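As provided, query_34.cif (mmCIF, C-alpha atoms) reads as follows.
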data_my_file
#
loop_
_atom_site.label_atom_id
_atom_site.label_comp_id
_atom_site.auth_asym_id
_atom_site.auth_seq_id
_atom_site.Cartn_x
_atom_site.Cartn_y
_atom_site.Cartn_z
CA MET A 1 3.33 -2.88 -0.60
CA ALA A 2 4.21 0.72 0.14
CA LYS A 3 7.47 2.56 -0.23
CA ARG A 4 9.50 3.54 2.79
CA LYS A 5 8.58 6.68 4.62
CA THR A 6 10.54 9.88 4.30
CA ALA A 7 12.37 11.45 7.21
CA PRO A 8 10.23 13.30 9.77
CA LYS A 9 9.36 16.79 8.65
CA THR A 10 8.57 18.27 12.04
CA ARG A 11 9.32 17.53 15.65
CA SER A 12 8.25 19.42 18.76
CA THR A 13 8.49 18.94 22.51
CA ARG A 14 6.30 20.54 25.15
CA SER A 15 5.59 20.32 28.87
CA THR A 16 2.18 20.10 30.49
CA LYS A 17 1.07 21.55 33.82
CA SER A 18 1.24 18.16 35.48
CA PRO A 19 3.70 17.88 38.37
CA ASN A 20 5.21 14.93 36.50
CA LYS A 21 7.19 15.50 33.33
CA ASN A 22 5.48 14.69 30.07
CA LYS A 23 7.61 14.10 27.02
CA ASN A 24 5.71 14.42 23.77
CA LYS A 25 7.26 13.99 20.39
CA ASN A 26 5.04 14.83 17.48
CA LYS A 27 5.94 14.16 13.89
CA LYS A 28 4.20 14.02 10.56
CA ILE A 29 5.42 11.75 7.83
CA ASN A 30 4.30 11.25 4.26
CA PHE A 31 5.14 8.14 2.33
CA ALA A 32 4.20 6.96 -1.13
CA SER A 33 2.12 3.82 -1.39
CA LYS A 34 2.39 1.38 -4.25
CA PHE A 35 -1.25 2.12 -4.85
CA LYS A 36 -1.84 5.67 -3.61
CA ARG A 37 -0.05 8.30 -1.62
CA THR A 38 -0.65 7.55 2.03
CA THR A 39 -0.36 10.06 4.85
CA LEU A 40 1.04 8.91 8.17
CA VAL A 41 0.76 11.04 11.31
CA ILE A 42 2.25 9.70 14.53
CA PHE A 43 2.53 10.91 18.11
CA ALA A 44 4.11 9.58 21.29
CA LEU A 45 4.04 10.44 24.96
CA VAL A 46 5.37 9.15 28.25
CA PHE A 47 4.26 10.10 31.74
CA ALA A 48 4.27 8.87 35.32
CA ASN A 49 0.99 7.57 36.70
CA VAL A 50 0.85 7.59 40.49
CA GLY A 51 -2.81 6.50 40.55
CA ALA A 52 -5.47 7.07 43.16
CA LEU A 53 -4.36 6.15 46.64
CA THR A 54 -7.82 4.84 47.53
CA LEU A 55 -7.31 1.85 45.20
CA VAL A 56 -4.94 -0.72 46.61
CA PHE A 57 -4.85 -3.54 44.05
CA SER A 58 -1.78 -3.91 41.86
CA GLN A 59 -0.92 -5.78 38.69
CA ALA A 60 2.73 -6.17 39.62
CA SER A 61 2.73 -9.92 39.10
CA SER A 62 1.11 -9.78 35.64
CA SER A 63 2.71 -9.08 32.30
CA GLY A 64 1.72 -9.42 28.69
CA LEU A 65 -0.98 -8.19 26.34
CA SER A 66 -4.09 -6.94 28.09
CA ASN A 67 -7.49 -7.46 26.47
CA SER A 68 -8.98 -5.18 29.12
CA VAL A 69 -6.74 -2.27 28.15
CA GLU A 70 -7.32 -2.96 24.45
CA ILE A 71 -11.08 -2.76 24.98
CA ASP A 72 -10.82 0.23 27.30
CA GLN A 73 -8.75 2.26 24.85
CA TYR A 74 -11.09 1.42 21.97
CA ASN A 75 -14.21 2.37 23.91
CA ARG A 76 -12.65 5.57 25.24
CA ILE A 77 -11.73 6.63 21.72
CA ASN A 78 -15.27 6.20 20.43
CA ASN A 79 -16.91 7.64 23.55
CA HIS A 80 -14.74 10.74 23.25
CA ARG A 81 -15.43 11.07 19.53
CA ALA A 82 -19.16 10.75 20.17
CA SER A 83 -19.01 13.57 22.72
CA HIS A 84 -17.49 15.78 20.01
CA GLY A 85 -19.96 14.85 17.31
CA LYS A 86 -17.59 12.42 15.56
CA GLY A 87 -18.67 9.04 14.23
CA ALA A 88 -17.52 5.78 15.78
CA LEU A 89 -14.46 4.04 14.34
CA TYR A 90 -14.69 0.42 13.31
CA ARG A 91 -12.21 -1.97 14.86
CA SER A 92 -9.85 -3.67 12.43
CA GLY A 93 -8.55 -7.00 13.71
CA CYS A 94 -5.66 -6.82 11.26
CA ILE A 95 -4.55 -3.37 12.43
CA THR A 96 -5.04 -4.49 16.04
CA ASP A 97 -2.53 -7.29 15.41
CA PHE A 98 0.06 -4.71 14.32
CA ALA A 99 -0.73 -2.58 17.39
CA ARG A 100 -0.20 -5.61 19.64
CA ILE A 101 3.12 -6.41 18.00
CA HIS A 102 4.39 -2.87 18.50
CA ALA A 103 3.20 -2.64 22.11
CA LYS A 104 5.18 -5.80 22.88
CA THR A 105 8.18 -4.55 20.89
CA MET A 106 8.30 -1.34 22.95
CA SER A 107 8.07 -3.39 26.15
CA ASP A 108 10.81 -5.79 25.04
CA LYS A 109 13.11 -2.89 24.15
CA ASP A 110 11.94 -0.80 27.13
CA ASN A 111 11.78 2.14 24.74
CA LEU A 112 8.88 4.33 23.66
CA HIS A 113 9.07 4.79 19.92
CA HIS A 114 6.93 4.81 16.81
CA SER A 115 6.51 1.76 14.66
CA ASN A 116 7.65 1.55 11.07
CA TYR A 117 4.60 -0.44 10.08
CA GLY A 118 2.98 1.97 7.63
CA PRO A 119 4.01 0.06 4.48
CA SER A 120 3.30 -3.33 6.05
CA VAL A 121 -0.12 -2.35 7.38
CA SER A 122 -1.19 -0.84 4.06
CA TYR A 123 -0.09 -4.01 2.25
CA ALA A 124 -1.48 -6.57 4.70
CA CYS A 125 -4.67 -4.92 5.95
CA SER A 126 -6.17 -3.36 2.82
CA ASP A 127 -6.62 -4.16 -0.82
CA GLY A 128 -4.34 -1.18 -1.47
CA SER A 129 -6.50 0.78 -3.88
CA ASN A 130 -8.58 2.13 -0.97
CA TRP A 131 -5.74 2.97 1.44
CA THR A 132 -5.21 6.70 1.94
CA ALA A 133 -4.14 7.59 5.50
CA MET A 134 -2.76 6.24 8.75
CA ALA A 135 -1.94 7.72 12.16
CA GLU A 136 -0.38 6.34 15.32
CA ASN A 137 -0.39 7.35 18.99
CA VAL A 138 1.91 5.55 21.40
CA GLY A 139 2.10 6.10 25.13
CA LEU A 140 3.78 4.80 28.27
CA SER A 141 2.27 4.83 31.74
CA TYR A 142 3.29 3.31 35.07
CA VAL A 143 0.93 0.93 36.83
CA GLY A 144 0.60 2.20 40.38
CA SER A 145 -1.93 1.77 43.14
CA ALA A 146 -4.79 2.48 40.71
CA GLY A 147 -3.98 -0.75 38.93
CA LEU A 148 -3.86 -1.57 35.26
CA MET A 149 -7.18 0.01 34.32
CA GLY A 150 -6.27 3.14 36.24
CA ALA A 151 -3.12 3.34 34.15
CA SER A 152 -5.17 2.90 30.98
CA ALA A 153 -7.53 5.73 32.02
CA SER A 154 -4.60 7.98 32.87
CA VAL A 155 -2.70 7.43 29.65
CA PHE A 156 -5.85 8.16 27.65
CA GLN A 157 -6.31 11.40 29.59
CA GLU A 158 -2.73 12.32 28.79
CA TYR A 159 -3.47 11.67 25.11
CA LEU A 160 -6.29 14.20 25.43
CA ASN A 161 -4.04 16.65 27.28
CA SER A 162 -1.58 16.62 24.38
CA PRO A 163 -2.80 18.70 21.40
CA GLY A 164 -1.17 16.42 18.84
CA HIS A 165 -2.55 13.20 20.27
CA HIS A 166 -5.94 14.79 20.87
CA ALA A 167 -6.10 15.97 17.27
CA THR A 168 -5.44 12.42 16.06
CA ILE A 169 -8.26 10.99 18.20
CA ASP A 170 -10.64 13.71 16.99
CA ASP A 171 -9.27 13.50 13.44
CA SER A 172 -8.83 17.28 13.36
CA GLY A 173 -6.65 16.89 10.27
CA ASN A 174 -9.75 15.59 8.46
CA TYR A 175 -8.11 12.40 7.25
CA ARG A 176 -11.54 10.79 7.70
CA PHE A 177 -10.30 7.89 9.76
CA ASN A 178 -12.83 5.08 9.86
CA PHE A 179 -10.82 2.21 11.40
CA VAL A 180 -8.67 1.79 14.47
CA GLY A 181 -6.61 -0.86 16.21
CA THR A 182 -5.60 -0.58 19.88
CA ALA A 183 -3.31 -2.52 22.17
CA GLY A 184 -1.93 -2.47 25.69
CA TYR A 185 1.06 -4.42 26.99
CA GLN A 186 2.08 -4.54 30.64
CA SER A 187 5.74 -5.27 31.20
CA SER A 188 7.14 -7.07 34.23
CA ASN A 189 8.46 -3.75 35.62
CA ASN A 190 4.92 -2.31 35.89
CA LYS A 191 5.00 -0.23 32.73
CA LEU A 192 1.94 -0.08 30.48
CA TRP A 193 2.70 0.44 26.80
CA THR A 194 -0.26 1.54 24.68
CA VAL A 195 -0.69 1.85 20.92
CA GLN A 196 -3.50 3.36 18.86
CA ILE A 197 -3.32 2.96 15.06
CA TYR A 198 -5.88 4.90 13.02
CA ALA A 199 -6.54 4.33 9.33
CA THR A 200 -8.63 5.54 6.44
CA CYS A 201 -9.98 3.11 3.88
CA ASN A 202 -12.11 4.79 1.23
CA ASN A 203 -14.92 2.87 -0.43
CA CYS A 204 -14.68 0.05 2.11
CA ALA A 205 -18.16 -1.32 2.60
CA GLY A 206 -19.17 -1.30 6.26
CA ARG A 207 -16.08 -2.39 8.07
CA TRP A 208 -12.74 -3.92 7.24
CA ASP A 209 -12.48 -7.21 8.98
CA ASP A 210 -13.95 -7.22 12.45
CA ALA A 211 -16.81 -6.12 14.69
CA PRO A 212 -17.61 -2.38 14.80
CA SER A 213 -17.44 -2.29 18.59
CA TYR A 214 -16.23 -4.08 21.68
CA ALA A 215 -19.26 -4.93 23.80
CA GLY A 216 -17.03 -6.16 26.58
CA GLU A 217 -14.29 -8.54 27.57
CA PRO A 218 -13.68 -11.36 25.09
CA SER A 219 -14.98 -14.67 26.35
CA SER A 220 -12.51 -16.30 28.69
CA ASN A 221 -13.42 -19.77 27.43
CA THR A 222 -12.50 -19.02 23.83
CA PRO A 223 -9.65 -21.43 23.01
CA ALA A 224 -6.35 -19.89 21.94
CA PRO A 225 -5.10 -20.91 18.50
CA GLU A 226 -2.75 -23.84 18.56
CA THR A 227 0.87 -22.82 18.06
CA ILE A 228 3.08 -25.48 16.54
CA SER A 229 6.20 -23.33 16.63
CA SER A 230 7.08 -19.73 17.24
CA TYR A 231 10.33 -17.89 16.61
CA SER A 232 11.71 -14.53 15.56
CA PHE A 233 13.15 -13.96 12.13
CA GLY A 234 13.71 -10.70 10.28
CA GLU A 235 12.65 -7.20 11.23
CA SER A 236 9.20 -5.88 12.04
CA THR A 237 9.01 -3.89 8.80
CA ASP A 238 9.97 -6.83 6.56
CA ILE A 239 7.39 -8.43 4.28
CA GLY A 240 7.05 -12.13 5.03
CA LEU A 241 7.01 -14.96 2.51
CA ILE A 242 6.80 -18.71 2.97
CA CYS A 243 7.87 -21.10 0.22
CA ASP A 244 9.82 -24.31 -0.39
CA TRP A 245 13.17 -22.67 -1.10
CA ASP A 246 15.29 -25.85 -1.29
CA GLY A 247 12.82 -28.33 -2.81
CA ASP A 248 12.60 -30.59 0.25
CA GLY A 249 8.81 -30.43 0.33
CA VAL A 250 8.68 -28.14 3.38
CA ASP A 251 7.74 -24.47 3.15
CA THR A 252 9.98 -22.27 5.31
CA PRO A 253 10.14 -18.52 5.93
CA GLY A 254 11.71 -15.77 3.98
CA VAL A 255 11.45 -12.00 4.23
CA TYR A 256 11.87 -9.11 1.84
CA ARG A 257 13.30 -5.93 3.37
CA PRO A 258 12.05 -2.82 1.51
CA SER A 259 14.78 -0.66 3.06
CA ASN A 260 17.56 -2.42 1.14
CA ASN A 261 15.68 -4.62 -1.40
CA ASN A 262 17.23 -7.74 0.09
CA PHE A 263 15.63 -11.18 0.37
CA TYR A 264 16.53 -13.20 3.49
CA ILE A 265 15.67 -16.89 3.22
CA LYS A 266 15.68 -19.73 5.76
CA ASN A 267 15.67 -23.42 4.80
CA SER A 268 14.38 -24.45 8.22
CA HIS A 269 11.96 -23.19 10.82
CA GLY A 270 13.58 -21.27 13.66
CA GLY A 271 15.32 -18.02 14.37
CA GLY A 272 18.89 -17.14 13.53
CA ASN A 273 20.67 -15.90 10.46
CA ALA A 274 19.33 -16.32 6.95
CA ASP A 275 20.71 -19.24 4.93
CA ILE A 276 20.49 -17.21 1.73
CA THR A 277 20.71 -13.44 1.29
CA PHE A 278 20.62 -11.52 -1.97
CA LYS A 279 19.40 -8.28 -3.51
CA PHE A 280 16.64 -8.25 -6.09
CA GLY A 281 14.18 -5.51 -7.01
CA GLN A 282 13.89 -1.89 -6.01
CA ALA A 283 11.94 0.32 -3.63
CA GLY A 284 8.19 -0.05 -4.02
CA ASP A 285 8.25 -3.58 -5.46
CA VAL A 286 5.89 -6.27 -4.17
CA PRO A 287 7.74 -9.54 -3.36
CA ILE A 288 6.31 -12.91 -4.43
CA CYS A 289 7.56 -16.49 -4.63
CA GLY A 290 6.62 -19.64 -6.51
CA ASP A 291 7.87 -22.56 -8.57
CA TRP A 292 8.00 -20.78 -11.91
CA ASP A 293 9.69 -23.58 -13.88
CA GLY A 294 8.12 -26.65 -12.22
CA ASN A 295 11.40 -28.06 -10.87
CA GLY A 296 10.10 -28.45 -7.31
CA THR A 297 11.94 -25.45 -5.88
CA ASP A 298 10.30 -22.10 -5.16
CA THR A 299 12.14 -18.94 -6.15
CA VAL A 300 11.52 -15.24 -5.86
CA GLY A 301 9.88 -12.64 -7.99
CA ILE A 302 8.71 -9.05 -7.69
CA VAL A 303 5.84 -7.06 -9.13
CA ARG A 304 6.55 -3.45 -10.10
CA GLY A 305 3.47 -1.59 -11.17
CA ASN A 306 1.92 -4.11 -13.53
CA THR A 307 5.23 -5.67 -14.61
CA TRP A 308 6.29 -9.04 -13.20
CA TYR A 309 9.96 -10.00 -12.81
CA LEU A 310 10.65 -13.66 -11.97
CA ARG A 311 13.87 -15.52 -11.08
CA ASN A 312 14.41 -19.30 -11.41
CA SER A 313 17.09 -19.26 -8.71
CA ASN A 314 17.25 -17.65 -5.29
CA SER A 315 19.99 -15.21 -6.15
CA GLY A 316 20.46 -11.69 -7.38
CA GLY A 317 20.67 -10.76 -11.01
CA ASN A 318 18.37 -9.93 -13.87
CA ALA A 319 14.91 -11.46 -14.12
CA GLU A 320 14.78 -14.56 -16.31
CA ILE A 321 11.11 -13.96 -17.01
CA SER A 322 9.42 -10.56 -17.31
CA PHE A 323 6.08 -9.47 -18.70
CA SER A 324 3.17 -7.12 -18.04
CA TYR A 325 -0.12 -8.29 -16.60
CA GLY A 326 -2.94 -6.51 -14.80
CA LYS A 327 -3.12 -2.97 -13.52
CA THR A 328 -0.95 -1.09 -11.05
CA SER A 329 -3.76 -1.08 -8.49
CA ASP A 330 -4.33 -4.86 -8.67
CA SER A 331 -3.25 -7.23 -5.91
CA PRO A 332 -0.88 -9.98 -7.16
CA ILE A 333 -1.59 -13.62 -6.29
CA VAL A 334 0.40 -16.78 -7.15
CA GLY A 335 -0.69 -20.42 -7.31
CA ASP A 336 -0.65 -23.67 -9.22
CA TRP A 337 -4.06 -23.06 -10.74
CA ASP A 338 -4.17 -26.10 -13.05
CA GLY A 339 -2.30 -28.62 -10.86
CA ASN A 340 0.56 -29.21 -13.30
CA GLY A 341 3.31 -28.52 -10.74
CA THR A 342 4.14 -25.01 -11.94
CA ASP A 343 3.09 -21.85 -10.12
CA THR A 344 1.69 -19.12 -12.28
CA ILE A 345 0.38 -15.64 -11.83
CA GLY A 346 -2.93 -14.00 -11.06
CA ILE A 347 -4.35 -10.73 -9.87
CA VAL A 348 -7.35 -9.75 -7.79
CA ARG A 349 -9.23 -6.59 -8.75
CA GLY A 350 -11.96 -5.67 -6.29
CA ASN A 351 -13.37 -9.12 -5.63
CA THR A 352 -12.66 -10.51 -9.11
CA TRP A 353 -9.81 -12.97 -9.64
CA TYR A 354 -8.01 -13.08 -13.00
CA LEU A 355 -5.69 -16.09 -13.30
CA ARG A 356 -3.26 -17.33 -15.94
CA ASN A 357 -1.86 -20.83 -16.39
CA SER A 358 1.41 -19.53 -17.81
CA ASN A 359 3.85 -16.92 -16.61
CA SER A 360 3.27 -14.47 -19.43
CA GLY A 361 1.12 -11.53 -20.36
CA GLY A 362 -2.21 -11.83 -22.09
CA LYS A 363 -5.83 -12.33 -21.16
CA ALA A 364 -6.90 -14.21 -18.06
CA GLN A 365 -7.59 -17.89 -18.72
CA VAL A 366 -9.72 -18.17 -15.59
CA SER A 367 -11.75 -15.40 -13.97
CA PHE A 368 -14.39 -15.42 -11.25
CA SER A 369 -15.75 -13.29 -8.43
CA TYR A 370 -15.04 -14.45 -4.89
CA GLY A 371 -14.94 -12.75 -1.50
CA GLN A 372 -15.06 -9.04 -0.79
CA SER A 373 -12.75 -6.28 -1.95
CA THR A 374 -11.48 -5.82 1.62
CA ASP A 375 -10.58 -9.49 2.20
CA TYR A 376 -6.98 -10.66 2.60
CA ARG A 377 -6.25 -13.04 -0.30
CA LEU A 378 -4.21 -16.26 -0.27
CA SER A 379 -3.86 -19.44 -2.26
CA GLY A 380 -2.98 -23.01 -1.39
CA ALA A 381 -3.75 -26.68 -2.01
CA ALA A 382 -6.48 -26.89 0.59
CA LYS A 383 -8.24 -30.08 -0.55
CA ALA A 384 -6.76 -33.56 -0.19
CA GLY A 385 -6.21 -35.40 -3.46
CA ILE A 386 -6.47 -32.23 -5.56
CA LYS A 387 -3.17 -30.84 -6.84
CA SER A 388 -4.38 -27.43 -7.94
CA ASP A 389 -4.41 -24.49 -5.54
CA ASN A 390 -7.57 -22.95 -4.16
CA ALA A 391 -8.57 -19.32 -3.90
CA ILE A 392 -8.70 -18.45 -0.19
CA VAL A 393 -9.76 -15.26 1.55
CA ARG A 394 -9.43 -14.23 5.19
CA ARG A 395 -12.07 -11.94 6.69
CA GLY A 396 -11.44 -11.05 10.31
CA ASN A 397 -10.27 -14.36 11.78
CA VAL A 398 -12.34 -16.49 9.38
CA PHE A 399 -10.84 -18.23 6.35
CA TYR A 400 -13.06 -18.95 3.32
CA LEU A 401 -11.91 -21.61 0.84
CA ARG A 402 -13.26 -21.83 -2.70
#

For this file, produce the structure as C-alpha cells.
Amino acid sequence: MAKRKTAPKTRSTRSTKSPNKNKNKNKKINFASKFKRTTLVIFALVFANVGALTLVFSQASSSGLSNSVEIDQYNRINNHRASHGKGALYRSGCITDFARIHAKTMSDKDNLHHSNYGPSVSYACSDGSNWTAMAENVGLSYVGSAGLMGASASVFQEYLNSPGHHATIDDSGNYRFNFVGTAGYQSSNNKLWTVQIYATCNNCAGRWDDAPSYAGEPSSNTPAPETISSYSFGESTDIGLICDWDGDGVDTPGVYRPSNNNFYIKNSHGGGNADITFKFGQAGDVPICGDWDGNGTDTVGIVRGNTWYLRNSNSGGNAEISFSYGKTSDSPIVGDWDGNGTDTIGIVRGNTWYLRNSNSGGKAQVSFSYGQSTDYRLSGAAKAGIKSDNAIVRRGNVFYLR
C-alpha cells in the first residue's frame, strides 16, 4: 500500500487554436510508496466535439463502458508511439479495471477530475517492489454526428494537441512506462469520458497480467461474470477487506481509509453506513484481517515495514500482538495454513511464499515457490473437506489454486 499523495506542485491552464474552448489542467504529484518512491503525473482536458457532418449515426441511446473506445484508445496510443520510435505498451487488465472505475465515476458525478488511485493501483496491481511510476490522462468529449468512435478519435487528437498530455503518451519525462490501462464511458447525456493510466514496473518479466495488444473487439459471445450482488461501500481510494467480523460464518466487507487511518466495517452485504468505525494504524500501513486467536471472529491488523500489529477486537487501541517478520519489500498474506482454526501470517517475496503457523517472529515453518512475482496473491479454503487455506494467485483474469 502506498502513502497518500502530496498536494499538487504545479498547475497551468492554456488555450488551443480550436474554435472551441479547451480547458487543460496539468499537475505533477509525487507520493511515497510503501515499497519505493512512486512518481505520479496526471493531466486532464475537456473539449467540444462537433464531429464530421457527413456521418449521421448517433449513440444517443447508448450509455455505459465502451469496449470499442477502450480498444481504440489503446491502439492509438501504441500506433502513435510507434510513429515516434517508442516501444509498444503492454495492456494491464488490473490497471484497466481502475481506468474503467474512474471513467464511470466521472460520468456519475458529471465532473472531469483526476482519480486518487495511485496508492490503490500500486498496491493491487503490482508486487510493490517493482512499482516506480504512474501517469494519468483524463478527457471529456461530446458525442456528436460523428458518433462514439468519432468522439474517441477527437479526444485522442486533443490529447496530442496538449503538450502535457502528449508528453505522457510519448513518455517524454522518461519514466519508462511499459504498461497502460484505458477506458471510455459514454453517459446518457452524450458525453464520452476517457481515461488513460500509464505505469512503470521494473523487472517485470514480459507483461503484467494481460495480452500485450488488442487485436480487435472482444468476442461478443463471451459470457459476463455472474454477479450475485453489487453495491457501493466506502470511497474509491479505500483499501478493501473481506472477513467474518461478527463470527456468524459469513464474510462481509470492510475498508481501510489511508487518509484518516480509519477502518469501516459492515456486518452485512449492502451499501449504507459502516456498522463499526475505529482508528488503528498510521499513514503507510498495510491493512490485514484474520482470526488471530481462533475464537471464530476476524479482527484487524496492520503491517508497518516488516512489523505486524494485530488486534483481537475490532476497535481502536494498542496492538495486542506485535512482532517483526519478513522484509519491508515483502507482500503480506494471511491464512489458516495448518487448518487449526487460527489465521496466521505469511509473506511472499518474488514468487516464494514464507508461512508461519503462529503469529510471531522467527523462521518460516513452510516455504515454497508458486506463481510469478507479478501475480496478485490471495488465500482461502478452496477445497471441500480441507480446513487449511490454499495459496491462490490471480494472473490476468485467471485464478490458480495450489

Evaluate the PyMOL selection byres ((chain A and resi 100) around 12) and record the selected residues as a ChimeraX atom specification, following the chain and residue labels used in the document. /A:64-67,69-70,93-99,101-107,115,117,138,181-186,193-197

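Here CA of Ile71 in chain A and CA of Gln372 in chain A stand 26.8 Å from one another.
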
Excluding Asp336 in chain A and its own-chain neighbours fewer than 5 positions away, which residues fall within 10 Å of it when counting only C-alpha atoms? Please give them as a PDB file with C-alpha atoms, in the coordinates of the input.
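Ended up saving to part14.pdb:
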ATOM      1  CA  GLY A 290       6.620 -19.640  -6.510  1.00  0.00           C
ATOM      2  CA  ASP A 291       7.870 -22.560  -8.570  1.00  0.00           C
ATOM      3  CA  TRP A 292       8.000 -20.780 -11.910  1.00  0.00           C
ATOM      4  CA  GLY A 294       8.120 -26.650 -12.220  1.00  0.00           C
ATOM      5  CA  GLY A 341       3.310 -28.520 -10.740  1.00  0.00           C
ATOM      6  CA  THR A 342       4.140 -25.010 -11.940  1.00  0.00           C
ATOM      7  CA  ASP A 343       3.090 -21.850 -10.120  1.00  0.00           C
ATOM      8  CA  THR A 344       1.690 -19.120 -12.280  1.00  0.00           C
ATOM      9  CA  ILE A 345       0.380 -15.640 -11.830  1.00  0.00           C
ATOM     10  CA  LEU A 355      -5.690 -16.090 -13.300  1.00  0.00           C
ATOM     11  CA  ARG A 356      -3.260 -17.330 -15.940  1.00  0.00           C
ATOM     12  CA  ASN A 357      -1.860 -20.830 -16.390  1.00  0.00           C
ATOM     13  CA  SER A 358       1.410 -19.530 -17.810  1.00  0.00           C
ATOM     14  CA  SER A 379      -3.860 -19.440  -2.260  1.00  0.00           C
ATOM     15  CA  GLY A 380      -2.980 -23.010  -1.390  1.00  0.00           C
ATOM     16  CA  ALA A 381      -3.750 -26.680  -2.010  1.00  0.00           C
ATOM     17  CA  LYS A 387      -3.170 -30.840  -6.840  1.00  0.00           C
ATOM     18  CA  SER A 388      -4.380 -27.430  -7.940  1.00  0.00           C
ATOM     19  CA  ASP A 389      -4.410 -24.490  -5.540  1.00  0.00           C
ATOM     20  CA  ASN A 390      -7.570 -22.950  -4.160  1.00  0.00           C
TER      21      ASN A 390
END

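By all atoms listed in the file, and with residues fewer than 3 positions from Gly371 in chain A along its chain excluded, the set lying at most 9 Å from it is Asn351, Thr352, Thr374, Asp375, Arg377, Ile392, Val393, Arg394, Arg395 and Tyr400 of chain A.
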
Restrict the selected residues to C-alpha atoms and save them as a PDB file, in the frame of the given file.
ATOM      1  CA  ASN A 351     -13.370  -9.120  -5.630  1.00  0.00           C
ATOM      2  CA  THR A 352     -12.660 -10.510  -9.110  1.00  0.00           C
ATOM      3  CA  THR A 374     -11.480  -5.820   1.620  1.00  0.00           C
ATOM      4  CA  ASP A 375     -10.580  -9.490   2.200  1.00  0.00           C
ATOM      5  CA  ARG A 377      -6.250 -13.040  -0.300  1.00  0.00           C
ATOM      6  CA  ILE A 392      -8.700 -18.450  -0.190  1.00  0.00           C
ATOM      7  CA  VAL A 393      -9.760 -15.260   1.550  1.00  0.00           C
ATOM      8  CA  ARG A 394      -9.430 -14.230   5.190  1.00  0.00           C
ATOM      9  CA  ARG A 395     -12.070 -11.940   6.690  1.00  0.00           C
ATOM     10  CA  TYR A 400     -13.060 -18.950   3.320  1.00  0.00           C
TER      11      TYR A 400
END

Students should find that CA of Asp246 in chain A and CA of Tyr376 in chain A are spaced 27.2 Å

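With all atoms listed in the file as the atoms that count, the residue of A:Asn340, A:Asn318, A:Asn137, A:Ser145 with the shortest distance to Gly281 in chain A is A:Asn318.
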
Long-range neighbours of range 236-242 of chain A as a ChimeraX atom specification, 7 Å cut-off, only C-alpha atoms, 3 positions minimum in chain: /A:116-117,120,251-258

Can you tell me how far CA of Leu140 in chain A sits from CA of Leu192 in chain A, in Å to one decimal? 5.7 Å

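With all atoms listed in the file as the atoms that count, the minimum distance from Asn178 in chain A to the choices A:Gly346, A:Ser369, A:Ala133, A:Asn79 is reached by A:Ala133.
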
Applied to the shown file, which residues does the PyMOL selection byres ((chain A and resi 295-311) around 7) return, written as number ranges by chain? A: 243-247, 281, 285-291, 293-294, 312-314, 319-328

Between A:His113, A:Arg91, A:Gly272, A:Tyr370, smallest distance to Ala199 in chain A by all atoms listed in the file belongs to A:Arg91

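Around Lys279 in chain A, within 10 Å and counting all atoms listed in the file, the residues found are Tyr256, Arg257, Asn260, Asn261, Asn262, Phe263, Tyr264, Gln282, Asn314, Ser315, Gly316 and Gly317 of chain A, once anything fewer than 3 positions away on its own chain is removed.
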
For the file shown, what are the residues hit by the PyMOL selection byres ((chain A and resi 81-87) around 12), laid out as a PyMOL selection string? chain A and resi 74-80+88-90+160+166-172+174+176-179+212

Restricting the calculation to only C-alpha atoms, which member of A:Ile265, A:Lys191, A:Phe368, A:Pro163 is positioned closest to Asp110 in chain A? A:Lys191

Judged by all atoms listed in the file, the minimum distance to Ser373 in chain A among A:Gly361, A:Gly339, A:Gly271, A:Gly350 is found for A:Gly350

Ranking A:Met134, A:Ser162, A:Lys266, A:Tyr142 by minimum distance to Thr200 in chain A and counting only C-alpha atoms, which one comes first? A:Met134

Centre, edges in Å (one decimal): axis-aligned box, range 132-146 of chain A, 4 Å padding on all six sides, as JSON:
{"center_x": -0.7, "center_y": 4.3, "center_z": 22.5, "size_x": 17.0, "size_y": 14.8, "size_z": 49.2}

Completed range 287-294 of chain A (N, CA, C and O atoms) as a tab-separated table (two decimals), keeping the file's coordinate frame:
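Saved to selection.tsv:
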chain	number	residue	atom	x	y	z
A	287	PRO	N	7.06	-8.25	-3.25
A	287	PRO	CA	7.74	-9.54	-3.36
A	287	PRO	C	6.75	-10.69	-3.49
A	287	PRO	O	5.67	-10.67	-2.89
A	288	ILE	N	7.10	-11.70	-4.28
A	288	ILE	CA	6.31	-12.91	-4.43
A	288	ILE	C	7.26	-14.09	-4.50
A	288	ILE	O	8.48	-13.92	-4.64
A	289	CYS	N	6.73	-15.30	-4.44
A	289	CYS	CA	7.56	-16.49	-4.63
A	289	CYS	C	6.70	-17.61	-5.19
A	289	CYS	O	5.48	-17.64	-4.98
A	290	GLY	N	7.33	-18.52	-5.92
A	290	GLY	CA	6.62	-19.64	-6.51
A	290	GLY	C	7.57	-20.50	-7.32
A	290	GLY	O	8.72	-20.13	-7.57
A	291	ASP	N	7.08	-21.65	-7.73
A	291	ASP	CA	7.87	-22.56	-8.57
A	291	ASP	C	7.56	-22.24	-10.02
A	291	ASP	O	6.68	-22.84	-10.65
A	292	TRP	N	8.32	-21.31	-10.58
A	292	TRP	CA	8.00	-20.78	-11.91
A	292	TRP	C	8.31	-21.76	-13.02
A	292	TRP	O	7.69	-21.69	-14.09
A	293	ASP	N	9.28	-22.66	-12.82
A	293	ASP	CA	9.69	-23.58	-13.88
A	293	ASP	C	9.31	-25.03	-13.61
A	293	ASP	O	9.67	-25.93	-14.38
A	294	GLY	N	8.60	-25.30	-12.51
A	294	GLY	CA	8.12	-26.65	-12.22
A	294	GLY	C	9.18	-27.64	-11.79
A	294	GLY	O	8.97	-28.86	-11.89
